[in-house]
Amino acid sequence: MDKTFDSRVIEARWRETWEQSGCFAAGAGAATGEPYSIMIPPPNVTGSLHMGHAFQHTVMDALTRYHRMKGNDTLWQPGTDHAGIATQMVVERNLKLAGEPTRAELGREKFLEKVWDWKKFSGDTIENQIRRMGSSVDWSRKAFTMDPSYSTAVIEHFVRLHDEGLIYRGKRLVNWDPVLQTAISDLEVVQEEENGKLWHIRYPLVGGAKTAEGKDHIVVATTRPETLLGDAAVAVNPADERYQSLIGKTVTLPLCDREIPIIADDYVDREFGTGCVKITPAHDFNDYQVGQRHKLPLINILTREAKIVSNKAADWHSTLKSNNPSTSQVNAVVDMAIDIGIPENLQGLDRFAARKQIILDLEAASLIEKIDDHKLKVPRGDRTGVVLEPYLTDQWFVDLTSETRRDGKPGPGGLKAITEPAINVVEDGRIKFVPENWSNTYFHWLRNIQDWCISRQLWWGHRIPAWYDEQGNVYVERSEEAVRSKYKLDASVSLKQDEDVFDTWFSSDIWPFATQGWPQDTAELKKYYPSSVLVTGFDIIFFWVARMVMMGQKLMGEVPFREVYVHGLIRDAEGQKMSKSKGNVLDPLDLVDGITLEDLVKKRTTGLMKPETAPKIEKATRKDYPEGISAVGVDALRFTFAALASPGRDIRFDSERAEGYRNFTNKIWNASRFALMNLGALNEEGELQVPVGLNDGEYTLSVADRWIISRLQKVEAEAAELFKTYRFDLLSQLLYQFIWNEYCDWYLELTKPTLLGDDELAKRGTKRTLVRVLETWLRLLHPLMPFITEEVWQRVAPLAEKSGPTIMLQPYPESQPEKIDEAAEADIEWLKSFILGLRQIRGEMDISPGKPLPLLLQNASDSDRTRIERMQSSIQFLARVESMRHLEANEVPPQCATALVGQMSLLVPMAGLIDKDAELARLAKQIAKLESDLGKTEMRVNNPNFGKAPENVQQQTRDQASRQKQDLEALRQQHANISAL
């Protein structure tokens with residue numbers, strides 16, 4: 001056993017050993033217990049491991065290892081998601097950087113070949129990173145959402161729902177990303193408050209109509225002047241007396257010279273702007289609803305690239321052809337486009353260039369009343385950051401709102417068929433959220449749900465199994481052959497498959513059962529579905545959790561998991577979201593392996609979307625990590641994540657804490673070496689040898705032995721409960737406290753008097769306890785820190801009469817209540833108080849730890865006297881006491897330093913122990929420095945600008961001042977005590 005712990009060497013060796021031996025496979029070790037399964041939330045195939053993944057995988061691996069050790073037939077199902085939008089973006093960007101043809105120039109087939117090439121190149125990256133973290137997933141069962149078997153399940157999923165009338169195709173407004181040129185989910189929209197303008201535009205009244213003030217126009221306020229081209233009406237509130245006489249009349253739409261009606265609708269807020277609202281049903285979600293109520297035309301004025309449409313039919317045809325295969329419908333839209341009167345100077349302009357031109361044209365026509373500054377929420381795509389447009393296209397939807405089937409056939413609609421069962425299973429406890437309050441978030445979304453747009457205008461993904469003939473008729477089946485067979489269409493009927501693919505979340509909502517072989521009725525499906533728990537962040541309760549519940553209930557008739565453990569999201573030490581643009585992203589493997597400052601700066605400032613932010617990011621990085629990041633190893637990082645896993649929305653990560661837990665790994669290593677050396681189990685070269693007679697013959701247990709065994713039973717019971725309740729933060733505290741403080745700091749010290757003594761029975765008892773408790777807490781700790789526990793266990797196990805190829809297949813420790821010894825625990829707690837009292841005196845008086853102390857005892861009870869007599873050797877050894885004497889009842893002690901153990905006083909005479917003048921000088925120097933430091937801290941707190949600092953900085957400064965005051969008071973008291981000698 002080497003003198004120092006080398007995490008890199010040990011991690012590499014055990015990763016390879018575990019995987020080659022098949023320890024991670026479901027049923028490893030011939031497990032015959034109840035199945036326990038976890039489905040890994042599939043990371044993007046082209047992504048890389050980030051702090052959120054590493055945190056989440058730590059939790060899942062701890063649960064998996066724990067249940068594997070408990071004897072469960074354990075499956076941790078790995079896999080990756082094809083991530084339609086993200087992957088297509090990466091590949092298109094790479095093509096551009098390489099100067100290769102664009103996606104459009106390549107065509108669908110050639111472009112998809114490029115995507116698969118990229119997948120082969122980058123797909124192993126995150127898998128290898130997951131391996132680095134020691135994740136014990138069953139790699140033999142890894143899945144990919146574009147695997148042939150999985151793709152079959154996705155198609156089956158769609159066809160079954162469509163056949164039940166739960167999927168339909170319709171022309172609806174969607175969130176449209178003009179860069180990606182696809183619809184995106186409401187959940188992928190980031191609403192950002194930005195500074196904008198509110199333009200007040202005059203709409204001339206037609207036919208001599210006048211307002212109540214006698215004006216020949218009404219004024220409409222808008223933040224998006226370019227949408228004026230698609231206005232279908234102007235709306236006023238029916239109760240607004242200013243405009244009641246104008247309801248039913250018309251206005252001339254500026255620049256387009258079209259007449260549009262003035263309508264009345266309660267949607268209009270009389271207090272906002274002028275009380276007149278332009279209604280553009282094809283470009284605003286609220287306006288769409290108004291348009292539906294009043295049967296207004298849907299006038300689309302934008303192309304897929306968010307440019308103003310041309311009135312030329314050829315341009316419209318090429319724009320709409322890929323979205324709508326029906327020639328008759330294309331022509332209908334073309335006719336509408338020709339009639340809407342878009343000025344020629346606007347046609348083909350980008351929407352924001354068109355905005356500027358429209359404002360100039362309106363000003364030239366004296367149609368701008370005024371322009372106000374205005375703060376508004378701007379919807380941006382979370383992938384591209386581009387401003388999104390409500391856009392009218394044909395899309396596929398899952399019906400989640402209807403009470404009855406949309407096609408008029410018998411059977412329930414989406415609400416009763418999909419949404420209601422998903423609510424019921426959480427209400428009746430078949431699925432439990434941990435913490436429970438997240439169920440409210442789940443309920444709120446499901447009870448306010450809209451129909452789900454599942455089509456995306458991408459090429460990378462599962463292509464929608466729908467085919468169109470030349471008349472625009474749609475046929476849905478599993479393949480074109482199945483379509484022709486079902487509908488009896490011969491080869492003369494030309495069919496074209498839908499160009500769109502499924503939303504990635506539609507593909508992944510069947511992950512829990514598609515990975516187990518569905519739609520086939522497999523043995524794995526029967527055994528591992530439903531899974532035991534889903535570990536996930538709260539941010540995808542809508543995206544993924546609720547949708548898996550809906551589809552699990554609908555397609556399997558059973559919940560996909562029994563519990564949902566919802567954790568917070570990893571933030572930086574200041575509580576800020578980690579993002580590349582802020583330069584505060586941490587790569588977990590940089591913490592594992594370490595990284596120099598220069599490499600960290602280069603990593604953070606390379607490839608930024610906004611290169612101009614690089615100097616700011618570099619400055620912050622150099623400030624936060626002036627010496628780079630030290631390597632902490634996997635175990636320390638995993639333990640850090642466990643310690644941070646408290647209930648809540650945010651998890652603040654501080655790399656210094658990980659460095660602290662690296663010290664914990666070193667403590668474990670050194671304590672284990674110490675124990676093995678004291679057992680005579682290591683020779684001078686550090687090689688293991690089993691001492692003769694260690695496990696043979698009679699033995700006796702000291703009070704320290706009985707104490708540590710008793711404490712171990714309580715720790716084992718508490719650990720089991722904390723795993724059950726997912727309190728990994730409390731579990732890590734429990735194990736840290738027991739291993740570092742109780743076993744390493746106290747028990748190892750308490751064994752020394754026995755091991756150095758002459759009582760052979762006591763020696764044997766202590767050696768047995770020393771190694772058996774060590775072996776047990778290694779198993780307790782293994783799910784959180786797998787590498788170091790495996791390495792040490794291999795050396796300790798033979799001494800504790802344990803055998804097996806790996807610690808991970810050993811039983812997880814279970815409490816034995818009969819071994820709890822309250823009397824021994826009380827004795828040791830008393831002894832600890834005794835020793836700590838004397839150590840406190842040494843510290844306060846700056847007395848060397850090795851200097852023997854004379855000790856006077858005052859007010860000792862009968863139990864104190866009994867304990868002193870029984871544990872005298874431990875007291876003298878651990879506290880370095882040269883003599884002990886009980887004071888008589890009326891005896892007056894000399895000037896002493898005092899500590900209390902209950903009612904008993906520990907008195908250490910000061911005369912001759914310290915140099916009074918030197919000690920007073922030392923204390924005076926410390927007091928002066930601390931007074932100066934406190935003064936500076938209080939100046940910061942009292943600074944008028946202190947309130948402008950971040951709240952966490954303010955609190956840290958106030959806490960610092962409080963600590964300095966306490967320390968100063970203690971030093972002054974110590975100075976007074978010594979002055980009195």
# chains A, B, ... in the order shown; residues from 1 in each chain; ligands from 1
>>> residues_around(residues="stretch 968-975 of chain A", least_positions_apart="6", cutoff="9 Å", atoms="only C-alpha atoms", output="number ranges by chain")
A: 844-845, 919-920, 923-924, 926-927, 930-931, 934
>>> write_last_selection(atoms="C-alpha atoms", output="PDB file, in the first residue's frame")
ATOM      1  CA  GLU A 844      -5.548  28.982  25.056  1.00  0.00           C
ATOM      2  CA  MET A 845      -2.338  29.075  27.046  1.00  0.00           C
ATOM      3  CA  GLU A 919       2.665  34.983  26.556  1.00  0.00           C
ATOM      4  CA  LEU A 920       1.230  38.436  27.325  1.00  0.00           C
ATOM      5  CA  LEU A 923      -1.469  37.861  22.986  1.00  0.00           C
ATOM      6  CA  ALA A 924      -1.093  41.666  22.797  1.00  0.00           C
ATOM      7  CA  GLN A 926      -2.638  39.088  18.221  1.00  0.00           C
ATOM      8  CA  ILE A 927      -5.178  41.458  19.806  1.00  0.00           C
ATOM      9  CA  LEU A 930      -7.391  41.487  15.145  1.00  0.00           C
ATOM     10  CA  GLU A 931      -8.532  44.978  16.243  1.00  0.00           C
ATOM     11  CA  LEU A 934     -12.129  44.201  12.620  1.00  0.00           C
TER      12      LEU A 934
END
>>> atom_distance(atom1="atom CA of A:Leu97", atom2="atom CA of A:Asp117")
16.2 Å
>>> closest_residue(among="A:Arg447, A:Tyr288, A:Arg463, A:Ala631", to="A:Leu112", atoms="only C-alpha atoms")
A:Arg463
>>> select_by_dssp(residues="stretch 519-571 of chain A", states="alpha helix (DSSP H)", output="PyMOL selection string")
chain A and resi 523-528+546-551
>>> residues_around(residues="A:Ser803", least_positions_apart="6", cutoff="10 Å", atoms="only C-alpha atoms", output="list in words")
Gln794, Ala797 and Gln810 of chain A
>>> write_last_selection(atoms="C-alpha atoms", output="PDB file, in the first residue's frame")
ATOM      1  CA  GLN A 794      -9.018  -5.324  -1.167  1.00  0.00           C
ATOM      2  CA  ALA A 797     -11.078  -7.745   3.528  1.00  0.00           C
ATOM      3  CA  GLN A 810     -20.499  -7.322  -0.847  1.00  0.00           C
TER       4      GLN A 810
END
>>> residues_around(residues="A:Asp124", least_positions_apart="6", cutoff="12 Å", atoms="only C-alpha atoms", output="PyMOL selection string")
chain A and resi 43-49+79-80+118+130-131+142+144
>>> residues_around(residues="stretch 774-788 of chain A", least_positions_apart="6", cutoff="7 Å", atoms="only C-alpha atoms", output="list of chain:residue names")
A:Ile10, A:Glu11, A:Trp14, A:Asp61, A:Ala62, A:Arg65, A:Tyr66, A:Asp635, A:Arg638, A:Phe639, A:Leu735, A:Val796, A:Ala797, A:Ala800, A:Ile807, A:Tyr812, A:Pro813
>>> write_last_selection(atoms="N, CA and C atoms", output="PDB file, in the first residue's frame")
ATOM      1  N   ILE A  10      -5.333   4.600  -9.466  1.00  0.00           N
ATOM      2  CA  ILE A  10      -6.334   3.716  -8.867  1.00  0.00           C
ATOM      3  C   ILE A  10      -7.644   3.751  -9.648  1.00  0.00           C
ATOM      4  N   GLU A  11      -8.075   4.943 -10.064  1.00  0.00           N
ATOM      5  CA  GLU A  11      -9.322   5.051 -10.825  1.00  0.00           C
ATOM      6  C   GLU A  11      -9.220   4.292 -12.143  1.00  0.00           C
ATOM      7  N   TRP A  14      -9.344   0.389 -11.568  1.00  0.00           N
ATOM      8  CA  TRP A  14     -10.619  -0.201 -11.155  1.00  0.00           C
ATOM      9  C   TRP A  14     -11.713  -0.019 -12.196  1.00  0.00           C
ATOM     10  N   ASP A  61     -25.643   6.746  -9.377  1.00  0.00           N
ATOM     11  CA  ASP A  61     -24.694   5.668  -9.139  1.00  0.00           C
ATOM     12  C   ASP A  61     -24.699   5.257  -7.675  1.00  0.00           C
ATOM     13  N   ALA A  62     -24.836   6.228  -6.774  1.00  0.00           N
ATOM     14  CA  ALA A  62     -24.912   5.894  -5.354  1.00  0.00           C
ATOM     15  C   ALA A  62     -26.114   4.995  -5.082  1.00  0.00           C
ATOM     16  N   ARG A  65     -25.360   1.445  -6.732  1.00  0.00           N
ATOM     17  CA  ARG A  65     -24.392   0.659  -5.962  1.00  0.00           C
ATOM     18  C   ARG A  65     -24.996   0.211  -4.631  1.00  0.00           C
ATOM     19  N   TYR A  66     -25.752   1.082  -4.009  1.00  0.00           N
ATOM     20  CA  TYR A  66     -26.382   0.734  -2.730  1.00  0.00           C
ATOM     21  C   TYR A  66     -27.320  -0.455  -2.905  1.00  0.00           C
ATOM     22  N   ASP A 635     -13.424  10.518  -6.497  1.00  0.00           N
ATOM     23  CA  ASP A 635     -14.096  10.274  -5.222  1.00  0.00           C
ATOM     24  C   ASP A 635     -14.405  11.567  -4.484  1.00  0.00           C
ATOM     25  N   ARG A 638     -17.261  13.386  -6.278  1.00  0.00           N
ATOM     26  CA  ARG A 638     -18.540  12.717  -6.020  1.00  0.00           C
ATOM     27  C   ARG A 638     -19.021  13.008  -4.607  1.00  0.00           C
ATOM     28  N   PHE A 639     -18.128  12.961  -3.634  1.00  0.00           N
ATOM     29  CA  PHE A 639     -18.530  13.220  -2.255  1.00  0.00           C
ATOM     30  C   PHE A 639     -18.996  14.665  -2.104  1.00  0.00           C
ATOM     31  N   LEU A 735     -21.433  10.062   7.361  1.00  0.00           N
ATOM     32  CA  LEU A 735     -20.266   9.226   7.132  1.00  0.00           C
ATOM     33  C   LEU A 735     -18.970   9.991   7.370  1.00  0.00           C
ATOM     34  N   VAL A 796      -8.017  -4.831   3.208  1.00  0.00           N
ATOM     35  CA  VAL A 796      -8.604  -5.017   4.533  1.00  0.00           C
ATOM     36  C   VAL A 796      -9.437  -6.290   4.617  1.00  0.00           C
ATOM     37  N   ALA A 797     -10.116  -6.639   3.508  1.00  0.00           N
ATOM     38  CA  ALA A 797     -11.078  -7.745   3.528  1.00  0.00           C
ATOM     39  C   ALA A 797     -10.501  -9.054   4.071  1.00  0.00           C
ATOM     40  N   ALA A 800     -10.402  -9.116   7.751  1.00  0.00           N
ATOM     41  CA  ALA A 800     -11.719  -9.163   8.389  1.00  0.00           C
ATOM     42  C   ALA A 800     -12.488 -10.413   8.009  1.00  0.00           C
ATOM     43  N   ILE A 807     -15.720  -5.084  -3.737  1.00  0.00           N
ATOM     44  CA  ILE A 807     -16.534  -4.581  -2.635  1.00  0.00           C
ATOM     45  C   ILE A 807     -17.970  -4.329  -3.081  1.00  0.00           C
ATOM     46  N   TYR A 812     -24.389  -4.585   1.771  1.00  0.00           N
ATOM     47  CA  TYR A 812     -24.324  -3.283   2.429  1.00  0.00           C
ATOM     48  C   TYR A 812     -24.586  -3.496   3.914  1.00  0.00           C
ATOM     49  N   PRO A 813     -23.815  -2.851   4.783  1.00  0.00           N
ATOM     50  CA  PRO A 813     -23.942  -3.111   6.217  1.00  0.00           C
ATOM     51  C   PRO A 813     -25.352  -2.828   6.747  1.00  0.00           C
TER      52      PRO A 813
END
>>> residues_around(residues="A:Val501", least_positions_apart="5", cutoff="8 Å", atoms="only C-alpha atoms", output="ChimeraX atom specification")
/A:455-464
>>> write_last_selection(atoms="C-alpha atoms", output="short mmCIF file (atom, residue, chain, number, x, y, z; two decimals), in the first residue's frame")
data_model
loop_
_atom_site.label_atom_id
_atom_site.label_comp_id
_atom_site.auth_asym_id
_atom_site.auth_seq_id
_atom_site.Cartn_x
_atom_site.Cartn_y
_atom_site.Cartn_z
CA SER A 455 -43.31 18.03 -35.53
CA ARG A 456 -40.04 19.79 -36.27
CA GLN A 457 -38.82 21.11 -39.61
CA LEU A 458 -35.48 19.33 -39.31
CA TRP A 459 -33.77 16.50 -41.13
CA TRP A 460 -32.01 14.82 -38.18
CA GLY A 461 -34.51 12.74 -36.25
CA HIS A 462 -37.31 10.23 -36.71
CA ARG A 463 -39.16 11.14 -39.88
CA ILE A 464 -42.92 11.31 -39.43
#
>>> residues_around(residues="stretch 881-895 of chain A", least_positions_apart="6", cutoff="10 Å", atoms="only C-alpha atoms", output="number ranges by chain")
A: 835, 838, 850-860, 865, 868, 872-875, 906-911, 977-978, 980-981
>>> closest_residue(among="A:Asn584, A:Tyr743, A:Glu164, A:Leu770", to="A:Gly408", atoms="only C-alpha atoms")
A:Glu164
>>> closest_residue(among="A:Arg839, A:Ile595, A:Met871, A:Gly552", to="A:Thr754", atoms="only C-alpha atoms")
A:Met871
>>> atom_distance(atom1="atom CA of A:Leu349", atom2="atom CA of A:Arg108")
27.5 Å
>>> select_by_dssp(residues="stretch 282-433 of chain A", states="strand (DSSP E or B)", output="count of residues only")
33
>>> closest_residue(among="A:Val474, A:Ala25, A:Thr419, A:Arg202", to="A:Lys370", atoms="only C-alpha atoms")
A:Arg202
>>> atom_distance(atom1="atom CA of A:Pro626", atom2="atom CA of A:Glu598")
9.6 Å
>>> closest_residue(among="A:Gly660, A:Gly414, A:Pro379, A:Pro41", to="A:Leu161", atoms="only C-alpha atoms")
A:Gly414
>>> decode(residues="stretch 448-479 of chain A", atoms="N, CA and C atoms", output="PDB file, in the first residue's frame")
ATOM      1  N   ASN A 448     -53.039  22.944 -16.912  1.00  0.00           N
ATOM      2  CA  ASN A 448     -53.108  24.117 -17.795  1.00  0.00           C
ATOM      3  C   ASN A 448     -52.448  23.808 -19.140  1.00  0.00           C
ATOM      4  N   ILE A 449     -52.489  22.555 -19.518  1.00  0.00           N
ATOM      5  CA  ILE A 449     -51.736  22.096 -20.673  1.00  0.00           C
ATOM      6  C   ILE A 449     -52.415  22.496 -21.984  1.00  0.00           C
ATOM      7  N   GLN A 450     -51.623  22.645 -23.029  1.00  0.00           N
ATOM      8  CA  GLN A 450     -52.107  22.873 -24.382  1.00  0.00           C
ATOM      9  C   GLN A 450     -51.738  21.657 -25.237  1.00  0.00           C
ATOM     10  N   ASP A 451     -52.341  21.563 -26.393  1.00  0.00           N
ATOM     11  CA  ASP A 451     -51.971  20.480 -27.302  1.00  0.00           C
ATOM     12  C   ASP A 451     -50.480  20.601 -27.648  1.00  0.00           C
ATOM     13  N   TRP A 452     -49.859  19.469 -27.833  1.00  0.00           N
ATOM     14  CA  TRP A 452     -48.403  19.392 -27.949  1.00  0.00           C
ATOM     15  C   TRP A 452     -48.003  19.287 -29.419  1.00  0.00           C
ATOM     16  N   CYS A 453     -47.274  20.295 -29.888  1.00  0.00           N
ATOM     17  CA  CYS A 453     -46.755  20.274 -31.262  1.00  0.00           C
ATOM     18  C   CYS A 453     -45.527  19.357 -31.296  1.00  0.00           C
ATOM     19  N   ILE A 454     -45.631  18.256 -32.025  1.00  0.00           N
ATOM     20  CA  ILE A 454     -44.567  17.247 -32.006  1.00  0.00           C
ATOM     21  C   ILE A 454     -43.773  17.188 -33.307  1.00  0.00           C
ATOM     22  N   SER A 455     -44.061  18.048 -34.264  1.00  0.00           N
ATOM     23  CA  SER A 455     -43.307  18.028 -35.526  1.00  0.00           C
ATOM     24  C   SER A 455     -42.261  19.132 -35.529  1.00  0.00           C
ATOM     25  N   ARG A 456     -41.136  18.829 -36.147  1.00  0.00           N
ATOM     26  CA  ARG A 456     -40.045  19.792 -36.265  1.00  0.00           C
ATOM     27  C   ARG A 456     -39.560  19.790 -37.708  1.00  0.00           C
ATOM     28  N   GLN A 457     -39.234  20.969 -38.210  1.00  0.00           N
ATOM     29  CA  GLN A 457     -38.820  21.107 -39.607  1.00  0.00           C
ATOM     30  C   GLN A 457     -37.308  20.909 -39.701  1.00  0.00           C
ATOM     31  N   LEU A 458     -36.890  19.716 -39.297  1.00  0.00           N
ATOM     32  CA  LEU A 458     -35.482  19.333 -39.311  1.00  0.00           C
ATOM     33  C   LEU A 458     -35.299  18.115 -40.206  1.00  0.00           C
ATOM     34  N   TRP A 459     -34.058  17.723 -40.390  1.00  0.00           N
ATOM     35  CA  TRP A 459     -33.773  16.495 -41.128  1.00  0.00           C
ATOM     36  C   TRP A 459     -33.221  15.408 -40.210  1.00  0.00           C
ATOM     37  N   TRP A 460     -32.605  15.798 -39.102  1.00  0.00           N
ATOM     38  CA  TRP A 460     -32.012  14.818 -38.184  1.00  0.00           C
ATOM     39  C   TRP A 460     -33.060  14.440 -37.134  1.00  0.00           C
ATOM     40  N   GLY A 461     -33.502  13.210 -37.194  1.00  0.00           N
ATOM     41  CA  GLY A 461     -34.512  12.742 -36.254  1.00  0.00           C
ATOM     42  C   GLY A 461     -35.347  11.645 -36.885  1.00  0.00           C
ATOM     43  N   HIS A 462     -36.402  11.256 -36.192  1.00  0.00           N
ATOM     44  CA  HIS A 462     -37.312  10.230 -36.707  1.00  0.00           C
ATOM     45  C   HIS A 462     -38.317  10.891 -37.652  1.00  0.00           C
ATOM     46  N   ARG A 463     -38.289  10.522 -38.894  1.00  0.00           N
ATOM     47  CA  ARG A 463     -39.163  11.145 -39.885  1.00  0.00           C
ATOM     48  C   ARG A 463     -40.598  10.680 -39.656  1.00  0.00           C
ATOM     49  N   ILE A 464     -41.521  11.603 -39.745  1.00  0.00           N
ATOM     50  CA  ILE A 464     -42.919  11.306 -39.433  1.00  0.00           C
ATOM     51  C   ILE A 464     -43.482  10.319 -40.455  1.00  0.00           C
ATOM     52  N   PRO A 465     -44.097   9.224 -39.970  1.00  0.00           N
ATOM     53  CA  PRO A 465     -44.594   8.179 -40.888  1.00  0.00           C
ATOM     54  C   PRO A 465     -45.959   8.545 -41.470  1.00  0.00           C
ATOM     55  N   ALA A 466     -45.951   9.614 -42.248  1.00  0.00           N
ATOM     56  CA  ALA A 466     -47.175  10.048 -42.928  1.00  0.00           C
ATOM     57  C   ALA A 466     -46.838  10.280 -44.400  1.00  0.00           C
ATOM     58  N   TRP A 467     -47.724   9.833 -45.295  1.00  0.00           N
ATOM     59  CA  TRP A 467     -47.494   9.968 -46.735  1.00  0.00           C
ATOM     60  C   TRP A 467     -48.667  10.696 -47.375  1.00  0.00           C
ATOM     61  N   TYR A 468     -48.371  11.482 -48.420  1.00  0.00           N
ATOM     62  CA  TYR A 468     -49.375  12.299 -49.089  1.00  0.00           C
ATOM     63  C   TYR A 468     -49.449  11.914 -50.560  1.00  0.00           C
ATOM     64  N   ASP A 469     -50.676  11.877 -51.072  1.00  0.00           N
ATOM     65  CA  ASP A 469     -50.807  11.710 -52.519  1.00  0.00           C
ATOM     66  C   ASP A 469     -50.924  13.082 -53.158  1.00  0.00           C
ATOM     67  N   GLU A 470     -51.083  13.129 -54.457  1.00  0.00           N
ATOM     68  CA  GLU A 470     -51.075  14.409 -55.174  1.00  0.00           C
ATOM     69  C   GLU A 470     -52.297  15.255 -54.878  1.00  0.00           C
ATOM     70  N   GLN A 471     -53.339  14.640 -54.342  1.00  0.00           N
ATOM     71  CA  GLN A 471     -54.542  15.400 -53.970  1.00  0.00           C
ATOM     72  C   GLN A 471     -54.470  15.940 -52.535  1.00  0.00           C
ATOM     73  N   GLY A 472     -53.368  15.671 -51.842  1.00  0.00           N
ATOM     74  CA  GLY A 472     -53.221  16.176 -50.479  1.00  0.00           C
ATOM     75  C   GLY A 472     -53.784  15.256 -49.421  1.00  0.00           C
ATOM     76  N   ASN A 473     -54.260  14.067 -49.788  1.00  0.00           N
ATOM     77  CA  ASN A 473     -54.740  13.117 -48.794  1.00  0.00           C
ATOM     78  C   ASN A 473     -53.561  12.572 -47.995  1.00  0.00           C
ATOM     79  N   VAL A 474     -53.772  12.389 -46.689  1.00  0.00           N
ATOM     80  CA  VAL A 474     -52.696  11.929 -45.811  1.00  0.00           C
ATOM     81  C   VAL A 474     -52.974  10.506 -45.360  1.00  0.00           C
ATOM     82  N   TYR A 475     -51.924   9.702 -45.326  1.00  0.00           N
ATOM     83  CA  TYR A 475     -52.015   8.309 -44.891  1.00  0.00           C
ATOM     84  C   TYR A 475     -50.934   8.062 -43.834  1.00  0.00           C
ATOM     85  N   VAL A 476     -51.349   7.593 -42.673  1.00  0.00           N
ATOM     86  CA  VAL A 476     -50.407   7.308 -41.588  1.00  0.00           C
ATOM     87  C   VAL A 476     -50.306   5.811 -41.391  1.00  0.00           C
ATOM     88  N   GLU A 477     -49.098   5.300 -41.479  1.00  0.00           N
ATOM     89  CA  GLU A 477     -48.836   3.889 -41.191  1.00  0.00           C
ATOM     90  C   GLU A 477     -47.356   3.729 -40.853  1.00  0.00           C
ATOM     91  N   ARG A 478     -46.947   2.511 -40.543  1.00  0.00           N
ATOM     92  CA  ARG A 478     -45.580   2.254 -40.099  1.00  0.00           C
ATOM     93  C   ARG A 478     -44.559   2.331 -41.230  1.00  0.00           C
ATOM     94  N   SER A 479     -45.007   2.201 -42.471  1.00  0.00           N
ATOM     95  CA  SER A 479     -44.117   2.275 -43.621  1.00  0.00           C
ATOM     96  C   SER A 479     -44.949   2.572 -44.857  1.00  0.00           C
TER      97      SER A 479
END
